[in-house]
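Enquirer: So I've got this file, protein.txt, and it contains compact mmCIF, C-alpha atoms:
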# COMPACT_ATOMS: atom_id res chain seq x y z
CA MET A 173 3.80 46.09 -59.93
CA ASN A 174 0.51 47.77 -59.04
CA ARG A 175 -1.36 44.80 -60.51
CA ILE A 176 0.50 42.38 -58.26
CA VAL A 177 -0.16 44.53 -55.17
CA GLY A 178 -3.82 44.89 -56.16
CA PHE A 179 -4.16 41.15 -56.68
CA TYR A 180 -2.55 40.53 -53.29
CA ASP A 181 -4.84 43.08 -51.61
CA ARG A 182 -7.94 41.40 -53.09
CA GLY A 183 -6.70 38.02 -51.85
CA VAL A 184 -6.15 39.41 -48.36
CA ARG A 185 -9.65 40.95 -48.32
CA LEU A 186 -11.15 37.63 -49.38
CA ALA A 187 -9.17 35.66 -46.79
CA ALA A 188 -10.16 38.14 -44.06
CA SER A 189 -13.89 38.06 -44.83
CA ARG A 190 -16.40 36.77 -42.28
CA ILE A 191 -17.40 33.90 -44.56
CA THR A 192 -13.83 32.71 -45.08
CA GLU A 193 -13.07 33.06 -41.38
CA GLY A 194 -16.30 31.20 -40.56
CA LEU A 195 -15.33 28.34 -42.84
CA ALA A 196 -11.84 28.18 -41.34
CA LEU A 197 -13.26 28.14 -37.80
CA LEU A 198 -15.76 25.44 -38.81
CA LEU A 199 -12.91 23.33 -40.15
CA LEU A 200 -10.95 23.95 -36.96
CA ARG A 201 -13.93 22.94 -34.79
CA VAL A 202 -14.38 19.72 -36.79
CA ALA A 203 -10.65 18.90 -36.60
CA LEU A 204 -10.37 19.40 -32.83
CA ALA A 205 -13.66 17.65 -32.14
CA GLY A 206 -12.57 14.71 -34.29
CA VAL A 207 -9.40 14.16 -32.26
CA PHE A 208 -11.25 13.89 -28.97
CA TRP A 209 -14.32 12.07 -30.36
CA ARG A 210 -12.14 9.30 -31.80
CA SER A 211 -10.33 9.00 -28.49
CA GLY A 212 -13.66 8.73 -26.69
CA GLN A 213 -14.81 6.03 -29.09
CA THR A 214 -11.81 3.87 -28.16
CA LYS A 215 -13.15 3.78 -24.61
CA MET A 216 -16.56 2.41 -25.64
CA VAL A 217 -17.80 -1.13 -26.12
CA GLU A 218 -17.99 -1.49 -29.90
CA GLY A 219 -21.50 -0.99 -31.23
CA SER A 220 -22.88 0.38 -27.96
CA PHE A 221 -24.16 3.79 -27.00
CA LEU A 222 -22.10 5.15 -24.12
CA SER A 223 -21.21 1.77 -22.63
CA ILE A 224 -17.65 1.97 -21.32
CA ASP A 225 -15.33 -0.91 -22.12
CA PRO A 226 -14.30 -2.43 -18.75
CA SER A 227 -10.70 -2.84 -19.98
CA GLN A 228 -10.37 0.96 -19.84
CA TYR A 229 -10.20 0.84 -16.05
CA ASP A 230 -7.16 -1.46 -16.22
CA LEU A 231 -5.59 0.74 -18.89
CA PHE A 232 -6.01 3.83 -16.71
CA ARG A 233 -4.53 1.96 -13.72
CA SER A 234 -1.44 0.85 -15.66
CA GLU A 235 -0.70 3.06 -18.69
CA PHE A 236 -2.24 6.28 -17.34
CA SER A 237 -1.23 5.77 -13.71
CA GLY A 238 0.15 9.31 -13.49
CA LEU A 239 -3.33 10.80 -13.45
CA PRO A 240 -4.23 12.30 -10.07
CA LEU A 241 -7.73 10.73 -10.23
CA ASP A 242 -8.82 7.21 -9.40
CA PRO A 243 -9.73 5.29 -12.59
CA VAL A 244 -13.25 4.76 -11.22
CA ILE A 245 -13.72 8.53 -11.59
CA ALA A 246 -11.30 9.26 -14.44
CA VAL A 247 -12.64 6.76 -16.98
CA PRO A 248 -16.31 7.86 -16.99
CA LEU A 249 -15.33 11.53 -16.69
CA THR A 250 -12.91 11.29 -19.61
CA THR A 251 -15.31 9.24 -21.72
CA PHE A 252 -18.13 11.72 -21.13
CA ALA A 253 -15.92 14.74 -21.84
CA GLU A 254 -14.49 13.20 -25.03
CA HIS A 255 -18.02 12.81 -26.37
CA PHE A 256 -19.84 15.84 -24.94
CA PHE A 257 -17.42 18.67 -25.70
CA PRO A 258 -16.67 17.54 -29.28
CA MET A 259 -20.42 17.44 -29.99
CA LEU A 260 -20.77 20.98 -28.68
CA LEU A 261 -17.81 22.07 -30.80
CA LEU A 262 -19.17 20.41 -33.91
CA PHE A 263 -22.38 22.43 -33.72
CA GLY A 264 -20.68 25.55 -32.39
CA ILE A 265 -22.53 25.56 -29.06
CA ALA A 266 -20.61 27.15 -26.17
CA THR A 267 -17.56 27.01 -28.43
CA ARG A 268 -15.22 28.95 -26.17
CA PHE A 269 -16.19 26.92 -23.10
CA SER A 270 -15.93 23.61 -24.98
CA ALA A 271 -12.55 24.50 -26.45
CA GLY A 272 -11.42 25.53 -22.96
CA ALA A 273 -12.50 22.18 -21.56
CA LEU A 274 -10.58 20.34 -24.29
CA LEU A 275 -7.57 22.59 -23.65
CA VAL A 276 -7.63 21.59 -19.97
CA MET A 277 -7.89 17.92 -20.99
CA THR A 278 -4.93 18.36 -23.33
CA LEU A 279 -2.84 19.91 -20.58
CA VAL A 280 -3.75 17.11 -18.16
CA ILE A 281 -2.77 14.53 -20.80
CA GLN A 282 0.47 16.41 -21.47
CA ILE A 283 1.44 16.76 -17.81
CA PHE A 284 0.28 13.45 -16.34
CA VAL A 285 0.03 10.90 -19.15
CA PHE A 286 2.26 11.64 -22.15
CA PRO A 287 4.81 14.30 -21.16
CA ASP A 288 6.93 13.59 -24.26
CA ALA A 289 4.11 14.31 -26.71
CA TRP A 290 4.20 18.12 -26.68
CA TRP A 291 5.72 18.43 -30.12
CA PRO A 292 3.98 17.94 -32.53
CA VAL A 293 0.76 16.49 -31.07
CA HIS A 294 -0.30 18.43 -27.99
CA SER A 295 1.09 21.75 -29.22
CA LEU A 296 -1.30 21.52 -32.19
CA TRP A 297 -4.28 20.69 -29.98
CA VAL A 298 -3.44 23.61 -27.70
CA ALA A 299 -3.13 25.95 -30.70
CA MET A 300 -6.49 24.81 -32.12
CA ALA A 301 -8.24 25.22 -28.77
CA ALA A 302 -6.62 28.62 -28.20
CA ILE A 303 -7.82 29.95 -31.55
CA LEU A 304 -11.37 28.78 -30.82
CA ILE A 305 -11.26 30.36 -27.36
CA VAL A 306 -10.08 33.68 -28.80
CA ARG A 307 -12.19 33.79 -31.99
CA GLY A 308 -15.25 31.74 -31.00
CA GLY A 309 -17.20 29.41 -33.27
CA GLY A 310 -17.43 31.77 -36.21
CA LEU A 311 -20.24 32.58 -38.61
CA PHE A 312 -21.30 28.95 -39.12
CA SER A 313 -22.02 28.12 -35.47
CA LEU A 314 -25.08 28.04 -33.26
CA ASP A 315 -23.26 30.54 -31.03
CA ALA A 316 -23.40 33.07 -33.89
CA LEU A 317 -27.09 32.34 -34.43
CA ALA A 318 -27.78 32.86 -30.71
CA VAL A 319 -25.98 36.22 -30.78
CA LYS A 320 -27.99 37.24 -33.85
CA LEU A 321 -31.28 36.25 -32.21
CA ARG A 322 -30.38 38.05 -28.96
CA ARG A 323 -29.79 41.30 -30.88
CA LYS A 324 -33.31 41.23 -32.34
Please render this file's structure as structure tokens.
Expert:
Amino acid sequence: MNRIVGFYDRGVRLAASRITEGLALLLLRVALAGVFWRSGQTKMVEGSFLSIDPSQYDLFRSEFSGLPLDPVIAVPLTTFAEHFFPMLLLFGIATRFSAGALLVMTLVIQIFVFPDAWWPVHSLWVAMAAILIVRGGGLFSLDALAVKLRRK
């Protein structure tokens, strides 16, 4: 029995290490960034660099009409946010702020656009963003490097 408990304790120590946590937070950053990046890419003219597809304005007027913003403002704002914040997350720059911005976007989508999508989609996005807000970017982030350099 002591062997089993010892084996379990070693596994818990390994799972709780900074390196393992850093890898898990890196994976979480990539996963959340990927969701929003892919959404942002659907708003772009294929093969362009930040050129918004004009059909998005019609889509926001019809399908996303519940948004409290005019599509002229909402489309560029959303497109920018779905590219900017995922890039920050990917590199672990301003992780907590970026995850907070994506959390706000998720809540806006949940409330105004797709109110029936809480389970399982938006609840997972909220959980991922919440973990990143609470824990930060982890060991493998530029945030961690900045903290290390500030201490020197």
Enquirer: As an exercise, work out the distance from atom CA of A:Phe257 to atom CA of A:Val276 in Å and give it to one decimal place.
Expert: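 The value is 11.7 Å.
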Enquirer: As an exercise, work out the distance from atom CA of A:Ala316 to atom CA of A:Gly206 in Å and give it to one decimal place.
Expert: 21.3 Å
Enquirer: List the spatial neighbours of A:Thr214 as a list in words - criterion: any atom at most 10 Å away, only C-alpha atoms, same-chain residues fewer than 6 positions off excluded.
Expert: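 Within the cut-off, the hits are Ile224, Asp225, Gln228 and Thr251 of chain A.
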Enquirer: Restricting the calculation to only C-alpha atoms, which member of A:Val280, A:Val217, A:Leu231, A:Leu200 is positioned closest to A:Ala302?
Expert: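 Comparing A:Val280, A:Val217, A:Leu231, A:Leu200 against A:Ala302, the winner is A:Leu200.
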Enquirer: So what do you get for atom CA of A:Gly308 versus atom CA of A:Leu296, distance-wise?
Expert: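 The value is 17.3 Å.
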Enquirer: Counting all atoms listed in the file, figure out which residue out of A:Leu249, A:Leu279, A:Ala203, A:Leu262 gets nearest to A:Ser295.
Expert: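 Looking at the shortest contact to A:Ser295, the residue is A:Leu279.
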Enquirer: Excluding A:Leu197 and residues on its chain fewer than 6 positions from it, collect all residues at most 10 Å away from it, counting only C-alpha atoms, and give them as an NGL selection string.
Expert: :A and (191 or 203 or 264 or 300 or 303-304 or 307-313)
Enquirer: Counting all atoms listed in the file, which of A:Leu241, A:Val247, A:Ile283, A:Val202 gets nearest to A:Leu222?
Expert: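 Between A:Leu241, A:Val247, A:Ile283, A:Val202, the residue approaching A:Leu222 most closely is A:Val247.
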Enquirer: Find, counting all atoms listed in the file, the residue in A:Phe221, A:Phe286, A:Tyr180, A:Phe269 that gets nearest to A:His255.
Expert: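 Ranked by minimum distance to A:His255, first place goes to A:Phe221.
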Enquirer: Would you kindly identify which residues have an atom no farther than 10 Å from (-4.9, 1.9, -15.3), using only C-alpha atoms and the file's own coordinates, and write them out as a ChimeraX atom specification?
Expert: /A:227-239,242-244,246-247
Enquirer: Go through A:Arg323, A:Arg175, A:Arg190, A:Arg201 one by one, measure the shortest atom-to-atom distance of each to A:Thr267 using all atoms listed in the file, and give the residue with the smallest value.
Expert: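 Nearest candidate to A:Thr267 out of A:Arg323, A:Arg175, A:Arg190, A:Arg201: A:Arg201.
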